[in-house]
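Colleague: The structure's right below; bear with me while I get my questions together.
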Amino acid sequence: MRARTSSLILVSLLFVASLAAADTIAFDPPAATMNHSVDAVVSGLWNNGCVPPAKSVVVSGSTITLTLDANLPPGVGCLTAITPYAALFHLGTLPAGSYTVIAVSESAGVVTERARVALIVRDAETVRFTSYAVPTTGGRIGILNLPVVFGNTATIDGVTVLVGGAD
């Protein structure tokens, strides 16, 4: 019974460790638009002390591949310890659209997928309106994001409205 309990605890610890070691991809800015340069940060836990640097970014259609360089120079020894890492990738400005971003590590020609996530790049800044509907005849709307130049107009689905407080 004791051996079975020990095995169960070991399996549980390995499961928790595998979850904690999952690599992630985060974006800066988090809500990307085609008007801003986008950076991606790949982070997680590496299996030794020689954490990989960012190697390359390849944009092919709607797929962006971020490659970590896991190749070691000859004669370099690595500390045998699980080590946190983070690698910064500059994606630049991207056209509006939906992308699949894949982080991979490459070592001696072997490519291993580390993480995969969706990235949506919008064609304009997100604007929050106080009105949930715009009258088909036009009207006045309030915008919650500042700074806003009041008195300008906005066109929503072909309906022009005045930016400012509600009528």
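Ordering of the structure tokens sets the chain letters (A, B, ...), residue numbers begin anew at 1 in every chain, and ligands are numbered from 1 in the order given.
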Write out as number ranges by chain each polymer residue whose atoms come within 12 Å of Leu79 (chain A), counting only C-alpha atoms; drop sequence neighbours fewer than 6 positions from it.
Modeller: A: 46-51
Colleague: Name all residues at most 6 Å from Asp23 (chain A) (count only C-alpha atoms; drop same-chain ones fewer than 3 positions away) and give them as a list in words.
Modeller: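 The contact residues come out as Ser43, Gly44, Arg114 and Ala115 of chain A.
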Colleague: Between A:Val104, A:Ala32, A:Val41, A:Leu68, single out the one closest to Val121 (chain A), counting only C-alpha atoms.
Modeller: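 Going through A:Val104, A:Ala32, A:Val41, A:Leu68 one by one, the smallest distance to Val121 (chain A) is for A:Ala32.
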Colleague: Excluding same-chain residues fewer than 3 positions from region 107-109 of chain A, what lies within 8 Å of it counting only C-alpha atoms, as a list in words?
Modeller: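 Once the nearby chain positions are removed, what remains is Asp69, Ala70 and Asn71 of chain A.
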Colleague: Can those selected residues be exported to a file as a short mmCIF file (atom, residue, chain, number, x, y, z; two decimals), in the first residue's frame so that it contains N, CA and C atoms?
Modeller:
```
data_model
loop_
_atom_site.label_atom_id
_atom_site.label_comp_id
_atom_site.auth_asym_id
_atom_site.auth_seq_id
_atom_site.Cartn_x
_atom_site.Cartn_y
_atom_site.Cartn_z
N ASP A 69 16.93 29.51 -30.46
CA ASP A 69 18.16 28.82 -30.84
C ASP A 69 18.66 27.99 -29.66
N ALA A 70 18.40 26.68 -29.70
CA ALA A 70 18.80 25.79 -28.62
C ALA A 70 20.13 25.10 -28.91
N ASN A 71 20.83 25.52 -29.97
CA ASN A 71 22.16 24.95 -30.29
C ASN A 71 23.19 25.50 -29.31
#
```
Colleague: Do a neighbour search on Asp39 (chain A) at 9 Å with only C-alpha atoms, toss out local chain neighbours closer than 3 positions, and write the hits as a PyMOL selection string.
Modeller: chain A and resi 26-29+88-92
Colleague: Any chance you can output those residues with all heavy atoms as a PDB file, in the first residue's frame?
Modeller:
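Final output, saved to again-v3.pdb:
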```
ATOM      1  N   ALA A  26       3.285  35.808 -25.016  1.00  0.00           N
ATOM      2  CA  ALA A  26       2.541  37.022 -24.661  1.00  0.00           C
ATOM      3  C   ALA A  26       2.906  38.114 -25.663  1.00  0.00           C
ATOM      4  O   ALA A  26       3.992  38.093 -26.254  1.00  0.00           O
ATOM      5  CB  ALA A  26       2.886  37.467 -23.246  1.00  0.00           C
ATOM      6  N   PHE A  27       1.986  39.076 -25.850  1.00  0.00           N
ATOM      7  CA  PHE A  27       2.201  40.126 -26.846  1.00  0.00           C
ATOM      8  C   PHE A  27       2.211  41.503 -26.200  1.00  0.00           C
ATOM      9  O   PHE A  27       1.506  41.746 -25.224  1.00  0.00           O
ATOM     10  CB  PHE A  27       1.102  40.081 -27.910  1.00  0.00           C
ATOM     11  CG  PHE A  27       1.075  38.780 -28.645  1.00  0.00           C
ATOM     12  CD1 PHE A  27       0.119  37.829 -28.360  1.00  0.00           C
ATOM     13  CD2 PHE A  27       2.033  38.488 -29.610  1.00  0.00           C
ATOM     14  CE1 PHE A  27       0.102  36.609 -29.008  1.00  0.00           C
ATOM     15  CE2 PHE A  27       2.028  37.281 -30.272  1.00  0.00           C
ATOM     16  CZ  PHE A  27       1.053  36.335 -29.962  1.00  0.00           C
ATOM     17  N   ASP A  28       3.020  42.401 -26.775  1.00  0.00           N
ATOM     18  CA  ASP A  28       3.074  43.790 -26.346  1.00  0.00           C
ATOM     19  C   ASP A  28       2.991  44.658 -27.599  1.00  0.00           C
ATOM     20  O   ASP A  28       3.892  44.574 -28.442  1.00  0.00           O
ATOM     21  CB  ASP A  28       4.369  44.067 -25.592  1.00  0.00           C
ATOM     22  CG  ASP A  28       4.439  45.499 -25.097  1.00  0.00           C
ATOM     23  OD1 ASP A  28       3.362  46.069 -24.796  1.00  0.00           O
ATOM     24  OD2 ASP A  28       5.543  46.060 -25.004  1.00  0.00           O
ATOM     25  N   PRO A  29       1.944  45.441 -27.783  1.00  0.00           N
ATOM     26  CA  PRO A  29       0.797  45.610 -26.899  1.00  0.00           C
ATOM     27  C   PRO A  29      -0.121  44.382 -26.962  1.00  0.00           C
ATOM     28  O   PRO A  29      -0.160  43.688 -27.975  1.00  0.00           O
ATOM     29  CB  PRO A  29       0.090  46.845 -27.462  1.00  0.00           C
ATOM     30  CG  PRO A  29       0.447  46.861 -28.912  1.00  0.00           C
ATOM     31  CD  PRO A  29       1.824  46.272 -29.006  1.00  0.00           C
ATOM     32  N   LEU A  88      12.620  37.640 -26.323  1.00  0.00           N
ATOM     33  CA  LEU A  88      11.860  38.713 -26.961  1.00  0.00           C
ATOM     34  C   LEU A  88      12.015  38.631 -28.479  1.00  0.00           C
ATOM     35  O   LEU A  88      13.132  38.539 -28.993  1.00  0.00           O
ATOM     36  CB  LEU A  88      12.349  40.074 -26.461  1.00  0.00           C
ATOM     37  CG  LEU A  88      11.704  41.309 -27.081  1.00  0.00           C
ATOM     38  CD1 LEU A  88      10.228  41.387 -26.698  1.00  0.00           C
ATOM     39  CD2 LEU A  88      12.444  42.561 -26.619  1.00  0.00           C
ATOM     40  N   PHE A  89      10.880  38.672 -29.190  1.00  0.00           N
ATOM     41  CA  PHE A  89      10.859  38.659 -30.647  1.00  0.00           C
ATOM     42  C   PHE A  89      10.167  39.926 -31.133  1.00  0.00           C
ATOM     43  O   PHE A  89       9.063  40.231 -30.677  1.00  0.00           O
ATOM     44  CB  PHE A  89      10.082  37.445 -31.173  1.00  0.00           C
ATOM     45  CG  PHE A  89      10.718  36.126 -30.861  1.00  0.00           C
ATOM     46  CD1 PHE A  89      10.481  35.488 -29.660  1.00  0.00           C
ATOM     47  CD2 PHE A  89      11.556  35.523 -31.787  1.00  0.00           C
ATOM     48  CE1 PHE A  89      11.061  34.259 -29.379  1.00  0.00           C
ATOM     49  CE2 PHE A  89      12.139  34.293 -31.513  1.00  0.00           C
ATOM     50  CZ  PHE A  89      11.900  33.662 -30.309  1.00  0.00           C
ATOM     51  N   HIS A  90      10.774  40.643 -32.059  1.00  0.00           N
ATOM     52  CA  HIS A  90      10.175  41.833 -32.642  1.00  0.00           C
ATOM     53  C   HIS A  90       9.442  41.416 -33.924  1.00  0.00           C
ATOM     54  O   HIS A  90      10.065  40.995 -34.888  1.00  0.00           O
ATOM     55  CB  HIS A  90      11.243  42.890 -32.944  1.00  0.00           C
ATOM     56  CG  HIS A  90      11.985  43.332 -31.725  1.00  0.00           C
ATOM     57  ND1 HIS A  90      11.406  44.118 -30.745  1.00  0.00           N
ATOM     58  CD2 HIS A  90      13.243  43.074 -31.315  1.00  0.00           C
ATOM     59  CE1 HIS A  90      12.288  44.323 -29.793  1.00  0.00           C
ATOM     60  NE2 HIS A  90      13.409  43.705 -30.111  1.00  0.00           N
ATOM     61  N   LEU A  91       8.106  41.533 -33.917  1.00  0.00           N
ATOM     62  CA  LEU A  91       7.306  41.157 -35.076  1.00  0.00           C
ATOM     63  C   LEU A  91       7.127  42.327 -36.033  1.00  0.00           C
ATOM     64  O   LEU A  91       6.756  42.120 -37.187  1.00  0.00           O
ATOM     65  CB  LEU A  91       5.930  40.646 -34.638  1.00  0.00           C
ATOM     66  CG  LEU A  91       5.918  39.526 -33.590  1.00  0.00           C
ATOM     67  CD1 LEU A  91       4.495  39.099 -33.298  1.00  0.00           C
ATOM     68  CD2 LEU A  91       6.755  38.360 -34.028  1.00  0.00           C
ATOM     69  N   GLY A  92       7.342  43.550 -35.556  1.00  0.00           N
ATOM     70  CA  GLY A  92       7.132  44.731 -36.385  1.00  0.00           C
ATOM     71  C   GLY A  92       5.657  45.025 -36.545  1.00  0.00           C
ATOM     72  O   GLY A  92       4.817  44.541 -35.785  1.00  0.00           O
TER      73      GLY A  92
END
```
Colleague: Fewer than 3 positions away in the same chain doesn't count, so skip those; otherwise give me all residues within 12 Å of Thr24 (chain A), counting only C-alpha atoms, as a list in words.
Modeller: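 Counting only C-alpha atoms, the residues come to Leu19, Ala20, Ala21, Phe27, Ala40, Val41, Val42, Ser43, Gly44, Leu45, Leu66, Pro84, Tyr85, Ala86, Ala87, Val101, Ile102, Ala103, Val104, Glu113, Arg114, Ala115, Arg116, Val117 and Ala118 of chain A.
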Colleague: Could you tell me how far CA of Thr67 (chain A) lies from CA of Lys55 (chain A), in Å and to one decimal?
Modeller: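 For CA of Thr67 (chain A) relative to CA of Lys55 (chain A), the distance reads 5.4 Å.
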Colleague: One number please: CA of Ala31 (chain A) to CA of Arg122 (chain A), in Å, one decimal.
Modeller: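 CA of Arg122 (chain A) lies at a distance of 8.0 Å from CA of Ala31 (chain A).
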Colleague: Take CA of Thr93 (chain A) and CA of Asn35 (chain A) and report the distance between them in Å, one decimal.
Modeller: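 Pair CA of Thr93 (chain A) / CA of Asn35 (chain A) returns 6.8 Å.
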Colleague: I'd like to know which of A:Leu72, A:Val58, A:Cys78, A:Val38 is closest to Leu119 (chain A), using only C-alpha atoms.
Modeller: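 Ranked by minimum distance to Leu119 (chain A), first place goes to A:Val38.
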Colleague: From the set A:Met34, A:Ile25, A:Thr83, A:Ile120, which residue has the shortest atom-to-atom contact distance to Thr65 (chain A), counting only C-alpha atoms?
Modeller: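 The closest residue to Thr65 (chain A) is A:Ile25.
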